[in-house]
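K.L.:
My structure is stored as entry23.cif, with mmCIF, C-alpha atoms.
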```
data_model
#
loop_
_atom_site.label_atom_id
_atom_site.label_comp_id
_atom_site.auth_asym_id
_atom_site.auth_seq_id
_atom_site.Cartn_x
_atom_site.Cartn_y
_atom_site.Cartn_z
CA MET C 28 -70.90 -63.01 -30.73
CA LYS C 29 -67.96 -63.52 -33.11
CA ILE C 30 -65.39 -66.01 -31.85
CA THR C 31 -62.60 -63.40 -31.80
CA GLU C 32 -64.77 -61.21 -29.56
CA GLN C 33 -65.43 -64.18 -27.26
CA ILE C 34 -61.67 -64.79 -26.99
CA LYS C 35 -61.06 -61.09 -26.24
CA GLN C 36 -63.78 -60.83 -23.57
CA PRO C 37 -61.71 -61.80 -20.48
CA ILE C 38 -58.94 -59.37 -21.51
CA ALA C 39 -61.08 -56.54 -22.97
CA TYR C 40 -59.84 -53.99 -20.40
CA GLU C 41 -56.18 -54.95 -20.88
CA MET C 42 -56.46 -54.81 -24.68
CA GLU C 43 -57.98 -51.32 -24.52
CA LEU C 44 -55.21 -50.07 -22.25
CA PHE C 45 -52.63 -51.85 -24.39
CA GLU C 46 -53.80 -49.90 -27.48
CA GLN C 47 -53.00 -46.61 -25.72
CA LYS C 48 -49.63 -47.82 -24.40
CA PHE C 49 -48.70 -49.27 -27.78
CA LEU C 50 -49.38 -45.99 -29.57
CA LEU C 51 -47.21 -44.17 -27.01
CA SER C 52 -44.40 -46.69 -27.47
CA MET C 53 -44.29 -45.82 -31.19
CA SER C 54 -44.09 -42.05 -30.76
CA SER C 55 -41.25 -39.98 -32.19
CA LYS C 56 -40.21 -36.33 -32.61
CA VAL C 57 -40.25 -36.74 -36.39
CA ALA C 58 -43.63 -35.79 -37.91
CA LEU C 59 -43.23 -38.11 -40.93
CA LEU C 60 -42.54 -41.05 -38.63
CA ASN C 61 -45.64 -40.32 -36.54
CA ARG C 62 -47.77 -40.03 -39.65
CA ILE C 63 -46.62 -43.42 -40.90
CA THR C 64 -46.89 -45.19 -37.53
CA HIS C 65 -50.44 -43.83 -37.11
CA TYR C 66 -51.24 -45.19 -40.56
CA ILE C 67 -49.91 -48.63 -39.50
CA VAL C 68 -51.75 -48.68 -36.15
CA ASN C 69 -55.09 -47.70 -37.71
CA ARG C 70 -54.87 -50.70 -40.05
CA LYS C 71 -54.12 -53.33 -37.46
CA GLY C 72 -55.13 -56.97 -37.86
CA LYS C 73 -56.89 -59.23 -35.36
CA GLN C 74 -54.14 -58.61 -32.76
CA MET C 75 -53.79 -62.26 -31.95
CA ARG C 76 -50.26 -61.80 -30.62
CA PRO C 77 -50.98 -59.38 -27.76
CA MET C 78 -54.10 -61.45 -27.00
CA PHE C 79 -51.88 -64.50 -26.44
CA VAL C 80 -49.59 -62.46 -24.14
CA PHE C 81 -52.46 -61.26 -21.90
CA LEU C 82 -54.43 -64.52 -21.83
CA VAL C 83 -51.36 -66.57 -20.90
CA ALA C 84 -50.27 -64.08 -18.21
CA LYS C 85 -53.74 -64.11 -16.64
CA MET C 86 -54.04 -67.90 -16.84
CA VAL C 87 -50.72 -68.59 -15.08
CA ASP C 88 -51.11 -65.86 -12.45
CA ASN C 89 -54.77 -66.08 -11.34
CA GLY C 90 -56.07 -63.27 -13.52
CA GLN C 91 -53.20 -60.86 -12.81
CA VAL C 92 -51.12 -58.87 -15.28
CA SER C 93 -48.24 -56.45 -14.61
CA GLU C 94 -46.63 -53.47 -16.35
CA ARG C 95 -44.17 -56.03 -17.73
CA THR C 96 -47.07 -57.78 -19.45
CA TYR C 97 -48.01 -54.57 -21.27
CA ARG C 98 -44.38 -53.99 -22.23
CA GLY C 99 -44.05 -57.58 -23.43
CA ALA C 100 -47.17 -57.22 -25.61
CA SER C 101 -45.88 -53.89 -26.99
CA VAL C 102 -42.44 -55.30 -27.76
CA ILE C 103 -43.87 -58.27 -29.62
CA GLU C 104 -46.22 -56.04 -31.60
CA LEU C 105 -43.48 -53.50 -32.42
CA ILE C 106 -41.14 -56.21 -33.66
CA HIS C 107 -43.86 -58.12 -35.49
CA THR C 108 -44.93 -54.89 -37.25
CA ALA C 109 -41.29 -54.19 -38.18
CA THR C 110 -41.00 -57.64 -39.80
CA LEU C 111 -44.25 -57.09 -41.75
CA VAL C 112 -43.05 -53.74 -43.09
CA HIS C 113 -39.74 -55.32 -44.14
CA ASP C 114 -41.55 -58.36 -45.62
CA ASP C 115 -43.59 -56.12 -47.91
CA VAL C 116 -40.36 -54.59 -49.22
CA VAL C 117 -38.75 -58.01 -49.72
CA ASP C 118 -41.87 -59.41 -51.45
CA ASP C 119 -42.43 -56.21 -53.45
CA SER C 120 -45.99 -56.26 -52.11
CA ASN C 121 -48.24 -53.22 -52.51
CA ARG C 122 -51.07 -54.37 -50.24
CA ARG C 123 -51.28 -55.34 -46.59
CA ARG C 124 -54.65 -56.41 -45.08
CA GLY C 125 -56.47 -54.86 -48.02
CA PHE C 126 -54.76 -51.45 -47.66
CA PHE C 127 -51.72 -49.99 -49.37
CA SER C 128 -48.48 -51.16 -47.75
CA VAL C 129 -45.98 -48.66 -46.34
CA ASN C 130 -43.58 -49.21 -49.26
CA ALA C 131 -46.41 -48.63 -51.77
CA LEU C 132 -47.18 -45.22 -50.26
CA TRP C 133 -43.76 -44.02 -49.11
CA LYS C 134 -41.34 -46.14 -51.21
CA ASN C 135 -38.84 -48.80 -50.11
CA LYS C 136 -36.21 -46.59 -48.47
CA ILE C 137 -38.68 -45.11 -46.00
CA ALA C 138 -40.30 -48.53 -45.39
CA VAL C 139 -36.93 -50.11 -44.49
CA LEU C 140 -36.13 -47.20 -42.15
CA ILE C 141 -39.57 -47.47 -40.50
CA GLY C 142 -38.98 -51.19 -39.92
CA ASP C 143 -35.59 -50.41 -38.35
CA PHE C 144 -37.16 -47.69 -36.19
CA LEU C 145 -39.87 -50.05 -34.88
CA LEU C 146 -37.30 -52.77 -34.19
CA SER C 147 -35.09 -50.38 -32.19
CA LYS C 148 -38.14 -49.03 -30.31
CA GLY C 149 -38.99 -52.59 -29.27
CA LEU C 150 -35.44 -53.34 -28.11
CA LEU C 151 -35.17 -50.07 -26.16
CA LEU C 152 -38.54 -50.59 -24.47
CA SER C 153 -37.10 -53.78 -22.93
CA ILE C 154 -33.62 -52.39 -22.19
CA ASP C 155 -34.87 -49.16 -20.57
CA ASN C 156 -36.97 -51.24 -18.15
CA ASN C 157 -34.35 -53.96 -17.52
CA ASP C 158 -36.65 -56.61 -19.05
CA PHE C 159 -33.64 -58.59 -20.24
CA ASP C 160 -35.43 -61.95 -19.95
CA LEU C 161 -38.21 -60.67 -22.22
CA LEU C 162 -35.66 -59.19 -24.62
CA LYS C 163 -33.91 -62.57 -24.90
CA ILE C 164 -37.19 -64.31 -25.77
CA ILE C 165 -38.00 -61.85 -28.55
CA SER C 166 -34.42 -61.68 -29.90
CA VAL C 167 -34.32 -65.47 -30.28
CA ALA C 168 -37.64 -65.28 -32.16
CA VAL C 169 -36.30 -62.63 -34.60
CA ARG C 170 -33.18 -64.73 -35.29
CA GLU C 171 -35.24 -67.85 -35.91
CA MET C 172 -37.70 -66.05 -38.19
CA SER C 173 -34.83 -64.78 -40.38
CA GLU C 174 -33.24 -68.24 -40.51
CA GLY C 175 -36.57 -69.84 -41.39
CA GLU C 176 -37.16 -67.43 -44.28
CA LEU C 177 -33.66 -68.04 -45.66
CA LEU C 178 -33.98 -71.82 -45.27
CA GLN C 179 -37.25 -71.68 -47.22
CA ILE C 180 -35.63 -69.64 -50.02
CA GLU C 181 -32.71 -72.08 -50.18
CA LYS C 182 -35.02 -75.10 -50.38
CA ALA C 183 -37.38 -73.47 -52.92
CA ARG C 184 -34.45 -73.32 -55.35
CA GLN C 185 -33.71 -77.02 -55.00
CA LEU C 186 -37.24 -78.38 -54.36
CA ASP C 187 -35.63 -81.18 -52.32
CA ILE C 188 -37.64 -80.67 -49.18
CA THR C 189 -38.51 -83.42 -46.71
CA GLU C 190 -41.33 -83.26 -44.21
CA ASP C 191 -38.83 -82.72 -41.38
CA ILE C 192 -37.24 -79.73 -43.13
CA TYR C 193 -40.72 -78.32 -43.80
CA TYR C 194 -41.57 -78.54 -40.07
CA GLU C 195 -38.29 -76.79 -39.24
CA ILE C 196 -39.09 -73.99 -41.72
CA ILE C 197 -42.58 -73.36 -40.35
CA ARG C 198 -41.41 -73.74 -36.74
CA GLN C 199 -38.89 -70.94 -37.33
CA LYS C 200 -40.91 -68.77 -39.72
CA THR C 201 -44.33 -68.81 -38.04
CA ALA C 202 -44.47 -70.83 -34.83
CA THR C 203 -41.52 -69.14 -33.13
CA LEU C 204 -43.32 -65.77 -32.92
CA ILE C 205 -46.48 -67.26 -31.37
CA ALA C 206 -44.24 -69.28 -29.03
CA ALA C 207 -42.53 -66.00 -28.03
CA CYS C 208 -45.93 -64.37 -27.29
CA CYS C 209 -46.94 -67.18 -24.97
CA SER C 210 -43.60 -67.45 -23.16
CA LEU C 211 -43.49 -63.63 -22.83
CA GLY C 212 -46.93 -63.71 -21.24
CA ALA C 213 -45.78 -66.29 -18.68
CA ALA C 214 -42.37 -64.63 -18.08
CA SER C 215 -44.00 -61.22 -17.51
CA VAL C 216 -45.79 -62.45 -14.37
CA LYS C 217 -43.86 -65.60 -13.39
CA PRO C 218 -40.24 -65.03 -14.45
CA ASN C 219 -37.91 -68.08 -14.37
CA SER C 220 -40.81 -70.46 -13.70
CA GLU C 221 -41.63 -73.72 -15.49
CA HIS C 222 -44.62 -71.89 -17.04
CA VAL C 223 -42.27 -69.98 -19.38
CA GLU C 224 -41.14 -73.16 -21.16
CA SER C 225 -44.50 -74.97 -21.10
CA MET C 226 -46.22 -71.91 -22.61
CA ARG C 227 -43.45 -71.55 -25.21
CA LYS C 228 -44.13 -75.13 -26.30
CA PHE C 229 -47.87 -74.47 -26.30
CA GLY C 230 -47.41 -71.43 -28.57
CA GLU C 231 -45.09 -73.34 -30.88
CA LEU C 232 -47.67 -76.10 -31.38
CA ILE C 233 -50.41 -73.56 -32.18
CA GLY C 234 -48.06 -71.85 -34.62
CA MET C 235 -47.41 -75.13 -36.44
CA ALA C 236 -51.15 -75.80 -36.75
CA PHE C 237 -51.72 -72.18 -37.85
CA GLN C 238 -49.21 -72.46 -40.71
CA ILE C 239 -50.55 -75.80 -41.95
CA LYS C 240 -54.02 -74.22 -42.01
CA ASP C 241 -52.55 -71.41 -44.14
CA ASP C 242 -51.06 -74.01 -46.50
CA LEU C 243 -54.48 -75.61 -46.90
CA PHE C 244 -56.02 -72.29 -47.96
CA ASP C 245 -53.87 -72.49 -51.10
CA TYR C 246 -56.02 -75.41 -52.20
CA GLY C 247 -59.39 -74.03 -51.09
CA ASN C 248 -62.11 -72.10 -52.91
CA GLU C 249 -63.33 -70.09 -49.93
CA ALA C 250 -63.13 -66.30 -49.85
CA ILE C 251 -59.75 -65.83 -48.21
CA GLY C 252 -57.02 -63.25 -48.13
CA LYS C 253 -54.93 -64.82 -50.90
CA PRO C 254 -55.85 -66.42 -54.23
CA THR C 255 -55.50 -70.18 -54.51
CA GLY C 256 -52.39 -71.64 -56.07
CA ILE C 257 -50.26 -68.69 -54.98
CA ASP C 258 -47.82 -70.90 -53.03
CA ILE C 259 -47.29 -73.03 -56.13
CA LYS C 260 -46.73 -69.92 -58.25
CA GLU C 261 -44.14 -68.76 -55.70
CA GLN C 262 -42.55 -72.24 -55.62
CA LYS C 263 -43.28 -72.56 -51.91
CA MET C 264 -43.25 -76.17 -50.77
CA THR C 265 -46.20 -76.78 -48.46
CA LEU C 266 -47.20 -79.90 -46.52
CA PRO C 267 -49.92 -81.23 -48.91
CA LEU C 268 -47.49 -80.99 -51.83
CA ILE C 269 -44.51 -82.46 -49.92
CA HIS C 270 -46.56 -85.45 -48.81
CA VAL C 271 -47.70 -86.17 -52.38
CA LEU C 272 -44.18 -85.65 -53.80
CA ASN C 273 -42.79 -88.20 -51.34
CA ASN C 274 -45.55 -90.74 -52.02
CA CYS C 275 -46.07 -90.80 -55.79
CA THR C 276 -44.37 -92.59 -58.68
CA LYS C 277 -41.09 -91.38 -60.16
CA LYS C 278 -42.89 -90.25 -63.32
CA GLU C 279 -45.54 -88.30 -61.36
CA LYS C 280 -42.84 -86.73 -59.18
CA SER C 281 -40.88 -85.42 -62.19
CA TRP C 282 -44.12 -84.04 -63.69
CA LEU C 283 -44.90 -82.25 -60.39
CA ILE C 284 -41.39 -80.83 -60.02
CA ASN C 285 -41.33 -79.73 -63.67
CA SER C 286 -44.75 -78.06 -63.19
CA ILE C 287 -43.57 -76.11 -60.14
CA LYS C 288 -40.18 -75.17 -61.58
CA ASN C 289 -41.09 -74.34 -65.16
CA HIS C 290 -44.87 -73.94 -65.42
CA ASN C 291 -45.77 -72.26 -62.12
CA LYS C 292 -47.20 -69.21 -63.93
CA ASP C 293 -49.43 -71.34 -66.18
CA LYS C 294 -52.93 -71.14 -64.61
CA LYS C 295 -54.12 -74.38 -66.21
CA ARG C 296 -51.04 -76.29 -65.06
CA VAL C 297 -51.32 -74.89 -61.51
CA LYS C 298 -54.96 -76.07 -61.42
CA GLU C 299 -53.81 -79.53 -62.52
CA VAL C 300 -51.22 -79.62 -59.73
CA ILE C 301 -53.86 -78.59 -57.17
CA ALA C 302 -56.22 -81.32 -58.44
CA PHE C 303 -53.39 -83.91 -58.35
CA VAL C 304 -52.49 -83.03 -54.74
CA LYS C 305 -56.15 -83.27 -53.71
CA ASP C 306 -56.66 -86.62 -55.47
CA HIS C 307 -53.56 -88.10 -53.82
CA ASN C 308 -54.67 -87.30 -50.24
CA GLY C 309 -52.31 -84.36 -49.75
CA LEU C 310 -54.99 -82.27 -48.03
CA ASP C 311 -56.29 -85.12 -45.87
CA TYR C 312 -52.76 -85.85 -44.66
CA ALA C 313 -52.10 -82.17 -43.84
CA ILE C 314 -55.40 -81.94 -41.91
CA ILE C 315 -54.42 -85.00 -39.81
CA LYS C 316 -51.05 -83.43 -38.99
CA MET C 317 -52.64 -80.07 -38.17
CA LYS C 318 -55.05 -81.75 -35.76
CA GLU C 319 -52.16 -83.60 -34.08
CA PHE C 320 -50.47 -80.28 -33.30
CA GLN C 321 -53.81 -78.90 -32.08
CA ALA C 322 -54.36 -81.89 -29.77
CA GLU C 323 -50.85 -81.55 -28.30
CA ALA C 324 -51.44 -77.85 -27.60
CA LEU C 325 -54.74 -78.63 -25.84
CA GLU C 326 -52.98 -81.32 -23.75
CA ILE C 327 -50.61 -78.69 -22.36
CA LEU C 328 -53.56 -76.39 -21.56
CA ASN C 329 -55.28 -79.22 -19.71
CA THR C 330 -52.48 -79.23 -17.13
CA TYR C 331 -53.78 -75.82 -15.94
CA PRO C 332 -56.81 -75.30 -13.67
CA ASP C 333 -60.05 -74.18 -15.32
CA SER C 334 -60.53 -70.44 -15.75
CA GLN C 335 -62.08 -68.04 -18.24
CA TYR C 336 -58.55 -67.39 -19.58
CA LYS C 337 -57.91 -71.08 -20.18
CA THR C 338 -61.30 -71.33 -21.94
CA ALA C 339 -60.40 -68.36 -24.15
CA LEU C 340 -57.06 -69.99 -25.04
CA GLU C 341 -58.88 -73.23 -25.92
CA LEU C 342 -61.17 -71.19 -28.18
CA MET C 343 -58.07 -69.61 -29.72
CA VAL C 344 -56.50 -73.03 -30.44
CA ASN C 345 -59.71 -74.20 -32.13
CA TYR C 346 -60.14 -70.90 -33.98
CA VAL C 347 -56.66 -71.29 -35.49
CA ILE C 348 -57.73 -74.41 -37.38
CA ASP C 349 -61.42 -73.60 -37.94
CA ARG C 350 -60.90 -70.08 -39.33
CA LYS C 351 -62.07 -69.32 -42.84
CA LYS C 352 -59.25 -66.92 -43.74
#
```
Could you spell out this file's structure in structure tokens?

P.N.:
Amino acid sequence: MKITEQIKQPIAYEMELFEQKFLLSMSSKVALLNRITHYIVNRKGKQMRPMFVFLVAKMVDNGQVSERTYRGASVIELIHTATLVHDDVVDDSNRRRGFFSVNALWKNKIAVLIGDFLLSKGLLLSIDNNDFDLLKIISVAVREMSEGELLQIEKARQLDITEDIYYEIIRQKTATLIAACCSLGAASVKPNSEHVESMRKFGELIGMAFQIKDDLFDYGNEAIGKPTGIDIKEQKMTLPLIHVLNNCTKKEKSWLINSIKNHNKDKKRVKEVIAFVKDHNGLDYAIIKMKEFQAEALEILNTYPDSQYKTALELMVNYVIDRKK
């Protein structure tokens, strides 16, 4: 059995029901909107986010979920989908998960409006049901994600990024959404309990490890979703590169910065940068840091009694850093 199927097993019923509820939460009176939202739903990814919501809820409440749990999972998926649609417009990207993106098929104006529609649907789903605690969790995540993206853009222009700033960028950009999934799961069944914060921290740590793993793919040769060297071409400062930049000679540093700033479209030069980062332990250092975040996440899980949901979450933590794409 594939590891993602193993993780899904204890929440298979909930995930099936969630699919139906999620589709309903997207519905509209406008035929064009329904056509596009159906297109989006039929090309869904691994659905890690709702899986986190259900597994955490069941772990902290002895296998129970509530209607709030389904709403929390729907809200997170609506808002996450909205950010993806907007991201494709911002990045001028024509593909998403191997299919045409919304903006490629229906142009930017419609894609931006679809993103806005999904965002408002998510907010109203919470407001109409008085889930104000859940709404606060997700609203904080959206704010942080926007700030993280802008901080990354600002730093990419200057290339003056420290390890601490890098962690802040990935905490906001990537980890905050996974943290929101886990705290939503806990808040949906145990509102105002200590579980909400401990699960938020747990999700944040997984998110940090997840992003570092993504950074490492830029240096790998395995069959993954993006070609290697793409972060360098986009002048994105990732952990392996930052570590090497902060630990090499002045001459090497100016060569690296010059390569990223002025030669980032030169395939040969990008290959040289990748080789330099590998030779100067950039990848080894990033792997150590990734495993530290993983270990911290598992420590939090170990404070909970054993259950099939806890086991599935442990599998999820390990899958995040063992995945091949």

K.L.:
Applying 8 Å and all atoms listed in the file, which residues near stretch 235-243 of chain C remain after dropping the ones on its own chain fewer than 2 positions away? List them as a list in words.

P.N.:
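So, after excluding close chain neighbours, the residues are Tyr194, Ile197, Arg198, Thr201, Ala202, Glu231, Leu232, Ile233, Asp245, Tyr246, Gly247, Asp258, Thr265, Leu266, Pro267, Leu310, Ala313, Ile314, Lys316, Met317, Lys318, Phe320, Gln321, Val347 and Ile348 of chain C.
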
K.L.:
Skipping near chain neighbours, those fewer than 4 positions away, what residues fall within 8 Å of C:Glu195 using all atoms listed in the file, listed as a PyMOL selection string?

P.N.:
chain C and resi 175+191+199

K.L.:
Kindly give the distance, in Å, that separates atom CA of C:His113 and atom CA of C:Ala138, rounded to a single decimal.

P.N.:
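Atom CA of C:Ala138 lies at a distance of 6.9 Å from atom CA of C:His113.
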
K.L.:
By how many Å are atom CA of C:Val304 and atom CA of C:Val271 apart?

P.N.:
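Here the two named atoms are 6.2 Å from each other.
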
K.L.:
Would you mind telling me which residue in C:Leu268, C:Leu50, C:Leu162, C:Leu60 lies nearest to C:Glu190 when using all atoms listed in the file?

P.N.:
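Result for the nearest residue to C:Glu190: C:Leu268.
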
K.L.:
Which is closest to C:Ile287 among C:Lys148, C:Lys305, C:Arg184, C:Lys200, if we use all atoms listed in the file?

P.N.:
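The answer is C:Arg184, which sits nearest to C:Ile287.
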
K.L.:
I'd like the interatomic distance between atom CA of C:Asn135 and atom CA of C:Asp114, to a tenth of an Å.

P.N.:
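Spanning atom CA of C:Asn135 to atom CA of C:Asp114 is a straight-line distance of 10.9 Å.
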
K.L.:
May I have the residues within 10 Å of C:Cys208 as a PyMOL selection string, using all atoms listed in the file and disregarding those fewer than 4 positions away in the same chain?

P.N.:
chain C and resi 75-81+83+99-100+102-104+161+164-165+168+203-204+212-214+226-227+230-231

K.L.:
Can you pull out the residues contacting C:Ala109? Cut-off 9 Å, using all atoms listed in the file, and skip same-chain residues under 5 positions away; I want them as a short mmCIF file (atom, residue, chain, number, x, y, z; two decimals) with C-alpha atoms, in the coordinates of the input.

P.N.:
```
data_model
loop_
_atom_site.label_atom_id
_atom_site.label_comp_id
_atom_site.auth_asym_id
_atom_site.auth_seq_id
_atom_site.Cartn_x
_atom_site.Cartn_y
_atom_site.Cartn_z
CA GLU C 104 -46.22 -56.04 -31.60
CA ASP C 114 -41.55 -58.36 -45.62
CA VAL C 139 -36.93 -50.11 -44.49
CA ILE C 141 -39.57 -47.47 -40.50
CA GLY C 142 -38.98 -51.19 -39.92
CA ASP C 143 -35.59 -50.41 -38.35
CA PHE C 144 -37.16 -47.69 -36.19
CA LEU C 145 -39.87 -50.05 -34.88
CA LEU C 146 -37.30 -52.77 -34.19
#
```
